[in-house]
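Engineer: So here's upload.cif (mmCIF, C-alpha atoms).
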```
data_model
loop_
_atom_site.label_atom_id
_atom_site.label_comp_id
_atom_site.auth_asym_id
_atom_site.auth_seq_id
_atom_site.Cartn_x
_atom_site.Cartn_y
_atom_site.Cartn_z
CA MET A 1 106.97 130.23 139.41
CA SER A 2 110.43 129.74 140.85
CA LYS A 3 110.60 130.72 144.51
CA GLU A 4 113.32 133.23 143.65
CA GLY A 5 111.58 134.44 140.52
CA THR A 6 114.60 133.44 138.44
CA TRP A 7 114.30 131.48 135.20
CA PHE A 8 116.75 129.64 132.97
CA ILE A 9 115.92 129.49 129.27
CA GLU A 10 117.66 126.86 127.13
CA PHE A 11 117.15 126.95 123.39
CA ASN A 12 116.77 123.47 121.91
CA THR A 13 116.55 124.84 118.37
CA PRO A 14 116.34 128.38 116.97
CA PHE A 15 112.56 127.98 117.22
CA SER A 16 111.99 126.20 120.54
CA TYR A 17 113.20 126.34 124.11
CA HIS A 18 112.39 125.09 127.58
CA VAL A 19 112.33 127.08 130.79
CA ARG A 20 113.28 125.95 134.30
CA GLY A 21 113.00 127.72 137.61
CA ILE A 22 116.28 128.39 139.41
CA ARG A 23 116.41 128.17 143.20
CA ARG A 24 119.88 129.69 143.45
CA VAL A 25 122.92 130.53 141.35
CA LEU A 26 126.12 129.11 142.81
CA TYR A 27 128.44 130.47 140.13
CA SER A 28 128.24 132.34 136.86
CA GLY A 29 131.19 133.43 134.76
CA VAL A 30 133.26 133.05 131.61
CA THR A 31 136.44 131.00 131.19
CA LYS A 32 138.94 131.22 128.34
CA TYR A 33 136.79 128.77 126.38
CA GLN A 34 133.12 128.99 127.37
CA ARG A 35 130.40 130.46 129.56
CA VAL A 36 129.92 128.54 132.80
CA ALA A 37 127.09 128.48 135.31
CA ILE A 38 126.52 126.21 138.27
CA VAL A 39 122.97 126.54 139.51
CA GLU A 40 120.42 124.73 141.63
CA PHE A 41 117.23 124.14 139.69
CA GLU A 42 113.89 123.71 141.43
CA ASP A 43 113.28 120.35 139.73
CA LEU A 44 116.76 119.06 138.81
CA GLY A 45 118.90 120.00 141.80
CA LYS A 46 122.42 121.27 141.23
CA ALA A 47 123.61 121.35 137.63
CA LEU A 48 126.47 122.39 135.37
CA VAL A 49 125.59 124.65 132.43
CA LEU A 50 128.08 125.39 129.62
CA ASP A 51 127.38 127.91 126.87
CA GLY A 52 123.72 127.95 127.81
CA LYS A 53 123.35 124.13 127.63
CA ILE A 54 122.67 121.91 130.64
CA GLN A 55 125.48 119.36 130.83
CA SER A 56 124.62 117.40 133.96
CA SER A 57 122.14 117.62 136.80
CA LEU A 58 122.01 115.67 140.03
CA TYR A 59 118.48 114.56 139.10
CA ASP A 60 119.55 112.30 136.21
CA GLU A 61 123.27 112.58 135.49
CA PHE A 62 123.59 108.87 136.31
CA VAL A 63 121.40 108.04 133.30
CA TYR A 64 123.71 109.94 130.93
CA HIS A 65 127.01 108.81 132.43
CA GLU A 66 126.10 105.13 132.84
CA SER A 67 124.76 105.12 129.26
CA LEU A 68 127.89 106.78 127.89
CA VAL A 69 130.41 104.62 129.74
CA HIS A 70 129.14 101.11 130.36
CA PRO A 71 127.93 99.81 126.96
CA ALA A 72 131.43 100.27 125.51
CA MET A 73 133.23 99.14 128.65
CA ILE A 74 131.07 96.03 129.03
CA THR A 75 131.44 95.17 125.33
CA HIS A 76 135.24 95.12 125.64
CA PRO A 77 136.40 91.87 127.27
CA ASN A 78 139.11 93.38 129.47
CA PRO A 79 139.41 97.20 129.47
CA ARG A 80 142.57 98.17 131.32
CA ARG A 81 143.62 101.55 129.91
CA VAL A 82 140.88 104.13 129.31
CA LEU A 83 141.08 107.64 127.91
CA ILE A 84 138.38 110.26 128.49
CA LEU A 85 138.29 113.46 126.46
CA GLY A 86 136.18 116.09 128.18
CA GLY A 87 134.20 114.84 131.15
CA GLY A 88 134.84 117.89 133.29
CA GLU A 89 132.40 116.96 136.09
CA GLY A 90 134.40 113.82 136.84
CA ALA A 91 131.28 111.63 136.63
CA THR A 92 132.49 109.81 133.51
CA ALA A 93 135.72 108.94 135.29
CA ARG A 94 133.67 107.87 138.30
CA GLU A 95 131.81 105.30 136.20
CA VAL A 96 134.96 104.04 134.44
CA LEU A 97 136.66 103.51 137.80
CA ARG A 98 133.84 101.16 138.84
CA HIS A 99 135.39 98.58 136.50
CA ARG A 100 137.82 96.45 138.47
CA SER A 101 139.88 95.62 135.36
CA VAL A 102 140.83 99.27 134.83
CA GLU A 103 144.44 100.05 135.70
CA GLU A 104 144.64 103.63 134.43
CA VAL A 105 142.16 106.35 133.49
CA VAL A 106 143.52 109.41 131.71
CA MET A 107 141.13 112.35 131.46
CA VAL A 108 142.02 115.21 129.12
CA ASP A 109 140.05 118.45 129.45
CA ILE A 110 140.89 121.81 127.99
CA ASP A 111 139.23 123.98 130.64
CA ASP A 112 141.02 123.95 133.99
CA GLU A 113 138.60 126.54 135.37
CA VAL A 114 135.62 124.20 134.88
CA ILE A 115 137.53 121.44 136.71
CA ARG A 116 138.20 123.79 139.63
CA LEU A 117 134.57 124.90 139.78
CA VAL A 118 133.04 121.41 139.72
CA LYS A 119 135.41 120.27 142.45
CA GLU A 120 134.22 123.18 144.57
CA TYR A 121 130.50 123.24 143.77
CA LEU A 122 129.63 119.76 142.42
CA PRO A 123 131.69 117.15 144.32
CA GLU A 124 128.60 114.89 144.30
CA MET A 125 129.31 114.11 140.64
CA SER A 126 132.93 112.98 140.83
CA GLN A 127 132.52 111.21 144.20
CA GLY A 128 136.27 111.18 144.76
CA ALA A 129 137.28 110.17 141.23
CA PHE A 130 139.78 113.03 140.93
CA ASP A 131 141.71 111.61 143.93
CA ASN A 132 141.67 107.96 142.84
CA PRO A 133 145.24 106.60 142.41
CA ARG A 134 144.27 105.06 139.04
CA PHE A 135 143.19 108.48 137.71
CA ARG A 136 145.35 111.04 135.90
CA LEU A 137 144.20 114.49 134.72
CA VAL A 138 145.78 116.24 131.74
CA LEU A 139 144.84 119.86 131.06
CA GLN A 140 145.19 120.14 127.30
CA ASP A 141 143.23 120.30 124.07
CA GLY A 142 141.99 116.75 123.49
CA ARG A 143 142.81 116.58 119.81
CA LYS A 144 146.31 117.97 120.33
CA PHE A 145 146.87 115.42 123.10
CA LEU A 146 145.97 112.53 120.78
CA GLU A 147 148.04 113.93 117.92
CA GLU A 148 151.14 114.18 120.11
CA SER A 149 150.70 110.96 122.11
CA ARG A 150 151.64 107.47 121.00
CA ASP A 151 149.95 105.72 123.90
CA ARG A 152 147.18 103.25 123.10
CA TYR A 153 143.97 102.60 124.97
CA ASP A 154 141.41 99.83 125.16
CA VAL A 155 138.51 102.28 125.37
CA ILE A 156 138.32 105.97 124.44
CA ILE A 157 135.31 107.92 125.72
CA LEU A 158 134.44 111.26 124.13
CA ASP A 159 132.37 113.16 126.71
CA LEU A 160 132.38 116.41 124.79
CA THR A 161 130.28 119.52 124.56
CA ASP A 162 128.03 119.71 121.50
CA PRO A 163 129.48 120.80 118.13
CA LEU A 164 128.55 124.47 118.40
CA GLU A 165 129.85 126.85 115.77
CA GLY A 166 132.67 128.77 117.43
CA GLY A 167 132.67 126.37 120.40
CA PRO A 168 135.65 124.33 121.67
CA SER A 169 134.53 120.88 120.39
CA TYR A 170 133.29 120.98 116.80
CA LEU A 171 136.56 119.64 115.35
CA LEU A 172 136.20 116.59 117.60
CA TYR A 173 133.38 115.23 115.42
CA THR A 174 135.19 114.83 112.09
CA VAL A 175 136.65 112.02 109.96
CA GLU A 176 140.14 113.32 110.61
CA PHE A 177 139.65 113.31 114.37
CA TYR A 178 138.03 109.86 114.54
CA SER A 179 140.91 108.53 112.45
CA ILE A 180 143.32 109.73 115.13
CA VAL A 181 141.12 108.11 117.80
CA ARG A 182 141.17 104.82 115.88
CA ASP A 183 144.96 104.89 115.69
CA ARG A 184 145.24 105.42 119.47
CA LEU A 185 143.10 102.38 120.24
CA SER A 186 144.44 98.90 120.86
CA ASP A 187 143.87 96.28 118.18
CA ASP A 188 140.51 95.37 119.72
CA GLY A 189 139.70 98.85 121.04
CA ILE A 190 136.35 100.63 121.26
CA MET A 191 135.41 104.30 121.25
CA VAL A 192 132.15 105.98 122.18
CA THR A 193 131.00 109.56 121.75
CA GLN A 194 128.03 111.55 122.90
CA ALA A 195 126.18 112.45 119.71
CA THR A 196 123.61 115.19 120.52
CA SER A 197 119.82 115.01 120.58
CA THR A 198 117.97 112.47 118.48
CA SER A 199 114.95 114.78 118.69
CA TYR A 200 116.16 118.35 118.18
CA SER A 201 119.25 117.65 116.09
CA LEU A 202 118.57 114.33 114.40
CA ARG A 203 120.54 115.15 111.25
CA THR A 204 123.55 116.15 113.38
CA PHE A 205 123.24 112.81 115.19
CA ALA A 206 123.08 111.03 111.83
CA THR A 207 126.12 112.96 110.60
CA ILE A 208 128.12 111.87 113.64
CA TYR A 209 127.01 108.27 113.07
CA LYS A 210 128.06 108.42 109.39
CA THR A 211 131.37 110.00 110.34
CA VAL A 212 132.22 107.28 112.85
CA ALA A 213 131.05 104.60 110.38
CA SER A 214 133.44 105.94 107.76
CA VAL A 215 136.36 105.15 110.10
CA PHE A 216 135.37 102.03 112.10
CA PRO A 217 134.33 98.58 110.79
CA ILE A 218 131.63 98.26 113.48
CA THR A 219 129.47 101.28 114.30
CA ARG A 220 126.37 101.27 116.50
CA ALA A 221 124.07 104.14 117.45
CA TYR A 222 121.88 104.17 120.54
CA GLN A 223 119.79 106.55 122.62
CA VAL A 224 118.28 107.17 126.06
CA TYR A 225 115.77 109.69 127.32
CA MET A 226 117.22 112.52 129.41
CA HIS A 227 114.71 114.51 131.43
CA SER A 228 117.15 117.35 132.07
CA TYR A 229 117.73 117.72 128.31
CA ASP A 230 114.01 117.44 127.55
CA SER A 231 114.98 115.00 124.79
CA THR A 232 116.14 111.57 123.79
CA TRP A 233 119.94 111.67 123.60
CA GLY A 234 122.20 109.90 121.16
CA PHE A 235 125.50 108.07 121.47
CA VAL A 236 127.66 106.34 118.85
CA ILE A 237 130.12 103.48 119.37
CA GLY A 238 132.94 102.74 116.95
CA SER A 239 134.64 99.37 117.44
CA LYS A 240 137.50 97.51 115.81
CA ARG A 241 136.36 94.00 116.75
CA TYR A 242 133.45 93.68 119.21
CA ASP A 243 129.81 94.46 118.48
CA PRO A 244 127.79 95.77 121.44
CA ALA A 245 124.51 94.94 119.69
CA THR A 246 125.25 91.20 119.85
CA LEU A 247 125.36 91.03 123.66
CA THR A 248 122.35 89.41 125.28
CA PRO A 249 120.81 90.81 128.49
CA ASP A 250 122.15 87.82 130.44
CA GLU A 251 125.67 88.37 129.10
CA VAL A 252 125.52 92.05 130.09
CA ASN A 253 124.21 91.27 133.58
CA ASN A 254 126.86 88.59 134.12
CA ARG A 255 129.63 90.99 133.11
CA ILE A 256 128.24 93.68 135.40
CA ARG A 257 128.29 91.27 138.36
CA GLU A 258 131.79 90.04 137.55
CA ARG A 259 133.44 93.33 136.67
CA ILE A 260 131.73 96.36 138.24
CA SER A 261 132.00 97.55 141.83
CA GLY A 262 128.93 99.04 143.46
CA GLU A 263 125.32 99.18 142.34
CA LEU A 264 124.36 100.80 139.03
CA LYS A 265 121.17 102.87 139.04
CA PHE A 266 120.20 102.67 135.36
CA TYR A 267 122.27 100.42 133.11
CA GLU A 268 121.59 96.67 133.02
CA GLY A 269 120.99 93.91 130.50
CA ASP A 270 117.49 94.79 129.34
CA MET A 271 118.38 98.48 129.08
CA HIS A 272 121.45 97.61 127.01
CA ARG A 273 119.29 95.79 124.50
CA ALA A 274 116.64 98.53 124.50
CA MET A 275 119.14 101.34 123.90
CA PHE A 276 120.22 99.90 120.56
CA ILE A 277 116.68 99.43 119.24
CA LEU A 278 116.11 102.68 117.37
CA PRO A 279 112.68 103.66 116.01
CA LYS A 280 112.02 103.53 112.30
CA HIS A 281 112.14 107.29 111.66
CA ILE A 282 115.64 107.51 113.19
CA ARG A 283 116.87 104.50 111.22
CA THR A 284 115.53 106.16 108.07
CA VAL A 285 117.58 109.30 108.71
CA LEU A 286 120.69 107.25 109.54
CA SER A 287 120.41 105.62 106.10
CA ASP A 288 119.82 108.92 104.25
CA GLU A 289 122.53 109.03 101.57
CA SER A 290 122.36 112.83 101.36
CA ILE A 291 123.93 113.04 104.84
CA LYS A 292 127.70 112.89 104.49
CA PRO A 293 130.48 112.41 107.05
CA ALA A 294 131.80 115.59 108.67
CA THR A 295 135.33 116.72 107.89
CA ASP A 296 137.64 119.42 109.21
CA LYS A 297 136.79 121.54 106.16
CA ASN A 298 133.08 120.75 106.36
CA PRO A 299 132.21 120.12 110.03
CA THR A 300 128.79 119.50 111.48
CA PHE A 301 127.10 121.98 113.82
CA LEU A 302 123.94 121.96 115.87
CA PRO A 303 121.04 123.70 114.10
CA ALA A 304 121.42 127.44 114.43
#
```
Translate the structure described by the file into structure tokens.
Structural biologist:
Amino acid sequence: MSKEGTWFIEFNTPFSYHVRGIRRVLYSGVTKYQRVAIVEFEDLGKALVLDGKIQSSLYDEFVYHESLVHPAMITHPNPRRVLILGGGEGATAREVLRHRSVEEVVMVDIDDEVIRLVKEYLPEMSQGAFDNPRFRLVLQDGRKFLEESRDRYDVIILDLTDPLEGGPSYLLYTVEFYSIVRDRLSDDGIMVTQATSTSYSLRTFATIYKTVASVFPITRAYQVYMHSYDSTWGFVIGSKRYDPATLTPDEVNNRIRERISGELKFYEGDMHRAMFILPKHIRTVLSDESIKPATDKNPTFLPA
């Protein structure tokens, strides 16, 4: 039992959940857009929780953020301008800023209160990224920002909350939205999105994959195991020119040495190759013709 007798219950599906002991609650409240909690778990350390879902924990956030950022960044030959939608903890920006080629990182997040809270309670995640001279923060709805902007980026990273019905992000997983993303990429640009659980929401993951594939000529899905999510977690890359699945482990390791500052904890050549090798049952669902791309009029949601 938790030393404080306090428990956090996270529902993975309407029929299953996991429970974690909480050592202390640092913050709990509601912003204009979502419920927010910053807690210290007994087994995960400090963590950010949005709308009842663990977003990042100090125990394994590096696995998620390195997996989200580096496959796309390493695939692109020379990423200089990078856009992040979401990414409130600042850890995604932290990983992008490791790349010496990057001249500008623009991070667009809708919830200024979450940014304030993570700066106060979770500075270990951003590690100074918010103060980096190459970093710029825009407090705005991500889709509106892209619709109004004409700037183009080499890499666009979608570090979004899950597509929850009534949540702030479900219209950021549609054909219409990915078409806007495509148009804001350079001619050889790459995008990547988090794509929910490949265990608890496999059909949602497949829908996101099909939606990206309906917009981009090269689409690759991959996954990693996240202990704090109690699940394998999916990501999808959409690319105009370069295919991440063709990179060999040696090529990945050479690019890491040449282009990244500091030591990565998780991502390297063998892991890059392993991420893109999906098991047969997942490949079967990805090829299921009954699963259609999500649209603004018919979006995808997590099982509820």
Engineer: Can you pull out every residue within 7 Å of region 23-34 of chain A, counting all atoms listed in the file, but drop anything in the same chain fewer than 2 positions away, and send it as a short mmCIF file (atom, residue, chain, number, x, y, z; two decimals) with C-alpha atoms, keeping the file's coordinate frame?
Structural biologist:
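Listed below is the output, selection.cif:
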```cif
data_model
loop_
_atom_site.label_atom_id
_atom_site.label_comp_id
_atom_site.auth_asym_id
_atom_site.auth_seq_id
_atom_site.Cartn_x
_atom_site.Cartn_y
_atom_site.Cartn_z
CA SER A 2 110.43 129.74 140.85
CA LYS A 3 110.60 130.72 144.51
CA GLU A 4 113.32 133.23 143.65
CA GLY A 21 113.00 127.72 137.61
CA VAL A 36 129.92 128.54 132.80
CA ALA A 37 127.09 128.48 135.31
CA ILE A 38 126.52 126.21 138.27
CA VAL A 39 122.97 126.54 139.51
CA GLU A 40 120.42 124.73 141.63
CA PHE A 41 117.23 124.14 139.69
CA GLU A 42 113.89 123.71 141.43
CA LEU A 50 128.08 125.39 129.62
CA ASP A 51 127.38 127.91 126.87
CA ASP A 111 139.23 123.98 130.64
CA GLU A 113 138.60 126.54 135.37
CA PRO A 168 135.65 124.33 121.67
#
```
Engineer: Check which residues satisfy the PyMOL selection byres ((chain A and resi 122) around 12) in the file shown, then give them as a ChimeraX atom specification.
Structural biologist: /A:26-27,37-40,45-49,56-58,61,88-91,114-121,123-128
Engineer: Translate the PyMOL selection byres ((chain A and resi 158) around 7) into a concrete residue list for this structure, as a PyMOL selection string.
Structural biologist: chain A and resi 84-86+156-157+159-160+192-194
Engineer: How would the residues just chosen look if you wrote them out with C-alpha atoms as a PDB file, in the frame of the given file?
Structural biologist:
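Result file is again-v9.pdb:
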```
ATOM      1  CA  ILE A  84     138.380 110.260 128.490  1.00  0.00           C
ATOM      2  CA  LEU A  85     138.290 113.460 126.460  1.00  0.00           C
ATOM      3  CA  GLY A  86     136.180 116.090 128.180  1.00  0.00           C
ATOM      4  CA  ILE A 156     138.320 105.970 124.440  1.00  0.00           C
ATOM      5  CA  ILE A 157     135.310 107.920 125.720  1.00  0.00           C
ATOM      6  CA  ASP A 159     132.370 113.160 126.710  1.00  0.00           C
ATOM      7  CA  LEU A 160     132.380 116.410 124.790  1.00  0.00           C
ATOM      8  CA  VAL A 192     132.150 105.980 122.180  1.00  0.00           C
ATOM      9  CA  THR A 193     131.000 109.560 121.750  1.00  0.00           C
ATOM     10  CA  GLN A 194     128.030 111.550 122.900  1.00  0.00           C
TER      11      GLN A 194
END
```
Engineer: Counting only C-alpha atoms, which of A:Thr75, A:Lys53, A:Tyr153, A:Thr198 gets nearest to His18 (chain A)?
Structural biologist: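 Among the listed residues, the smallest separation from His18 (chain A) belongs to A:Lys53.
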Engineer: Return the single residue from A:Thr219, A:Thr300, A:Ser228, A:Ser67 that is closest to Ala245 (chain A), with distances computed using all atoms listed in the file.
Structural biologist: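 Comparing A:Thr219, A:Thr300, A:Ser228, A:Ser67 against Ala245 (chain A), the winner is A:Thr219.
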Engineer: Selection in question (the file shown): the PyMOL selection byres ((chain A and resi 222) around 6). Which residues does it include, as a list in words?
Structural biologist: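 Written out, the selection comes to Ala221, Gln223, Gly234, Phe235, Met275 and Phe276 of chain A.
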Engineer: Just the residues within 8 Å of Arg81 (chain A), please, counting only C-alpha atoms, with nothing from its chain fewer than 6 positions along; format it as an NGL selection string.
Structural biologist: :A and (102-105 or 152-155)
Engineer: Measuring atom to atom with only C-alpha atoms, identify which of A:Met107, A:Ile74, A:Val212, A:Met226 is nearest to Gln55 (chain A).
Structural biologist: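 That would be A:Met226, the residue with the smallest distance to Gln55 (chain A).
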Engineer: For Lys292 (chain A), please output as a PyMOL selection string all residues within 9 Å (counting only C-alpha atoms; exclusion window: fewer than 4 positions along the same chain).
Structural biologist: chain A and resi 206-207+210-211+288
Engineer: Store the residues of this selection in a file with C-alpha atoms, as a PDB file, keeping the file's coordinate frame.
Structural biologist:
```pdb
ATOM      1  CA  ALA A 206     123.080 111.030 111.830  1.00  0.00           C
ATOM      2  CA  THR A 207     126.120 112.960 110.600  1.00  0.00           C
ATOM      3  CA  LYS A 210     128.060 108.420 109.390  1.00  0.00           C
ATOM      4  CA  THR A 211     131.370 110.000 110.340  1.00  0.00           C
ATOM      5  CA  ASP A 288     119.820 108.920 104.250  1.00  0.00           C
TER       6      ASP A 288
END
```
Engineer: Please determine, counting only C-alpha atoms, which residue among A:Tyr64, A:Phe15, A:Arg80, A:Lys297 has the shortest atom-to-atom distance to Arg259 (chain A).
Structural biologist: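 Of A:Tyr64, A:Phe15, A:Arg80, A:Lys297, the one nearest Arg259 (chain A) is A:Arg80, counting only C-alpha atoms.
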Engineer: Determine, counting all atoms listed in the file, which protein, DNA and RNA residues have an atom within 10 Å of an atom of Gly238 (chain A); residues of the same chain fewer than 2 positions away are not included. Present the result as a list in words.
Structural biologist: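 Listing them by chain and then by number gives Ala72, Ile156, Tyr178, Val181, Arg182, Gly189, Ile190, Met191, Val192, Thr193, Tyr209, Thr211, Val212, Ala213, Ser214, Val215, Phe216, Pro217, Ile218, Thr219, Arg220, Ala221, Val236, Lys240, Arg241, Tyr242, Asp243 and Pro244 of chain A.
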Engineer: Could you give me, as number ranges by chain, the residues within 8 Å of region 246-253 of chain A, counting only C-alpha atoms and dropping anything in the same chain fewer than 6 positions from it?
Structural biologist: A: 74-75, 268-270, 272-273
Engineer: Report, in Å with one decimal, the straight-line distance from CA of Val19 (chain A) to CA of Leu164 (chain A).
Structural biologist: 20.6 Å
Engineer: With only C-alpha atoms as the basis for distance, which of A:Arg136, A:Asp131, A:Pro293, A:Phe266 is at the shortest distance from Pro71 (chain A)?
Structural biologist: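 Residue with the minimum atom-to-atom distance to Pro71 (chain A): A:Phe266.
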Engineer: Could region 45-54 of chain A be completed with all heavy atoms and returned as a PDB file, in the frame of the given file?
Structural biologist:
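Result saved to out_14.pdb:
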```
ATOM      1  N   GLY A  45     117.791 119.890 140.867  1.00  0.00           N
ATOM      2  CA  GLY A  45     118.900 120.000 141.800  1.00  0.00           C
ATOM      3  C   GLY A  45     120.069 120.747 141.171  1.00  0.00           C
ATOM      4  O   GLY A  45     119.920 121.456 140.174  1.00  0.00           O
ATOM      5  N   LYS A  46     121.239 120.559 141.732  1.00  0.00           N
ATOM      6  CA  LYS A  46     122.420 121.270 141.230  1.00  0.00           C
ATOM      7  C   LYS A  46     122.796 120.769 139.829  1.00  0.00           C
ATOM      8  O   LYS A  46     122.641 119.586 139.532  1.00  0.00           O
ATOM      9  CB  LYS A  46     123.601 121.098 142.182  1.00  0.00           C
ATOM     10  CG  LYS A  46     123.437 121.853 143.495  1.00  0.00           C
ATOM     11  CD  LYS A  46     124.749 122.057 144.213  1.00  0.00           C
ATOM     12  CE  LYS A  46     125.344 120.785 144.713  1.00  0.00           C
ATOM     13  NZ  LYS A  46     126.584 121.016 145.498  1.00  0.00           N
ATOM     14  N   ALA A  47     123.305 121.701 139.014  1.00  0.00           N
ATOM     15  CA  ALA A  47     123.610 121.350 137.630  1.00  0.00           C
ATOM     16  C   ALA A  47     124.734 122.218 137.086  1.00  0.00           C
ATOM     17  O   ALA A  47     124.934 123.358 137.530  1.00  0.00           O
ATOM     18  CB  ALA A  47     122.373 121.507 136.747  1.00  0.00           C
ATOM     19  N   LEU A  48     125.446 121.667 136.116  1.00  0.00           N
ATOM     20  CA  LEU A  48     126.470 122.390 135.370  1.00  0.00           C
ATOM     21  C   LEU A  48     125.897 122.819 134.034  1.00  0.00           C
ATOM     22  O   LEU A  48     125.324 122.000 133.307  1.00  0.00           O
ATOM     23  CB  LEU A  48     127.692 121.502 135.155  1.00  0.00           C
ATOM     24  CG  LEU A  48     128.802 122.057 134.244  1.00  0.00           C
ATOM     25  CD1 LEU A  48     129.465 123.286 134.877  1.00  0.00           C
ATOM     26  CD2 LEU A  48     129.835 120.979 133.935  1.00  0.00           C
ATOM     27  N   VAL A  49     126.069 124.098 133.693  1.00  0.00           N
ATOM     28  CA  VAL A  49     125.590 124.650 132.430  1.00  0.00           C
ATOM     29  C   VAL A  49     126.771 125.270 131.699  1.00  0.00           C
ATOM     30  O   VAL A  49     127.485 126.108 132.263  1.00  0.00           O
ATOM     31  CB  VAL A  49     124.493 125.722 132.667  1.00  0.00           C
ATOM     32  CG1 VAL A  49     123.986 126.272 131.337  1.00  0.00           C
ATOM     33  CG2 VAL A  49     123.349 125.158 133.501  1.00  0.00           C
ATOM     34  N   LEU A  50     126.997 124.842 130.447  1.00  0.00           N
ATOM     35  CA  LEU A  50     128.080 125.390 129.620  1.00  0.00           C
ATOM     36  C   LEU A  50     127.491 125.984 128.356  1.00  0.00           C
ATOM     37  O   LEU A  50     126.722 125.322 127.656  1.00  0.00           O
ATOM     38  CB  LEU A  50     129.087 124.302 129.260  1.00  0.00           C
ATOM     39  CG  LEU A  50     129.832 123.630 130.420  1.00  0.00           C
ATOM     40  CD1 LEU A  50     130.775 122.556 129.893  1.00  0.00           C
ATOM     41  CD2 LEU A  50     130.600 124.654 131.254  1.00  0.00           C
ATOM     42  N   ASP A  51     127.857 127.221 128.071  1.00  0.00           N
ATOM     43  CA  ASP A  51     127.380 127.910 126.870  1.00  0.00           C
ATOM     44  C   ASP A  51     125.864 127.800 126.719  1.00  0.00           C
ATOM     45  O   ASP A  51     125.332 127.564 125.626  1.00  0.00           O
ATOM     46  CB  ASP A  51     128.085 127.382 125.616  1.00  0.00           C
ATOM     47  CG  ASP A  51     129.512 127.907 125.489  1.00  0.00           C
ATOM     48  OD1 ASP A  51     129.789 129.003 126.027  1.00  0.00           O
ATOM     49  OD2 ASP A  51     130.343 127.240 124.860  1.00  0.00           O
ATOM     50  N   GLY A  52     125.169 127.943 127.843  1.00  0.00           N
ATOM     51  CA  GLY A  52     123.720 127.950 127.810  1.00  0.00           C
ATOM     52  C   GLY A  52     123.071 126.586 127.699  1.00  0.00           C
ATOM     53  O   GLY A  52     121.847 126.496 127.566  1.00  0.00           O
ATOM     54  N   LYS A  53     123.868 125.489 127.764  1.00  0.00           N
ATOM     55  CA  LYS A  53     123.350 124.130 127.630  1.00  0.00           C
ATOM     56  C   LYS A  53     123.583 123.357 128.925  1.00  0.00           C
ATOM     57  O   LYS A  53     124.709 123.307 129.441  1.00  0.00           O
ATOM     58  CB  LYS A  53     124.050 123.379 126.482  1.00  0.00           C
ATOM     59  CG  LYS A  53     123.896 124.028 125.112  1.00  0.00           C
ATOM     60  CD  LYS A  53     122.537 123.763 124.525  1.00  0.00           C
ATOM     61  CE  LYS A  53     122.426 124.260 123.100  1.00  0.00           C
ATOM     62  NZ  LYS A  53     121.092 124.004 122.523  1.00  0.00           N
ATOM     63  N   ILE A  54     122.510 122.751 129.466  1.00  0.00           N
ATOM     64  CA  ILE A  54     122.670 121.910 130.640  1.00  0.00           C
ATOM     65  C   ILE A  54     123.532 120.705 130.279  1.00  0.00           C
ATOM     66  O   ILE A  54     123.247 119.986 129.329  1.00  0.00           O
ATOM     67  CB  ILE A  54     121.295 121.430 131.159  1.00  0.00           C
ATOM     68  CG1 ILE A  54     120.454 122.619 131.646  1.00  0.00           C
ATOM     69  CG2 ILE A  54     121.471 120.423 132.293  1.00  0.00           C
ATOM     70  CD1 ILE A  54     119.041 122.245 132.044  1.00  0.00           C
TER      71      ILE A  54
END
```
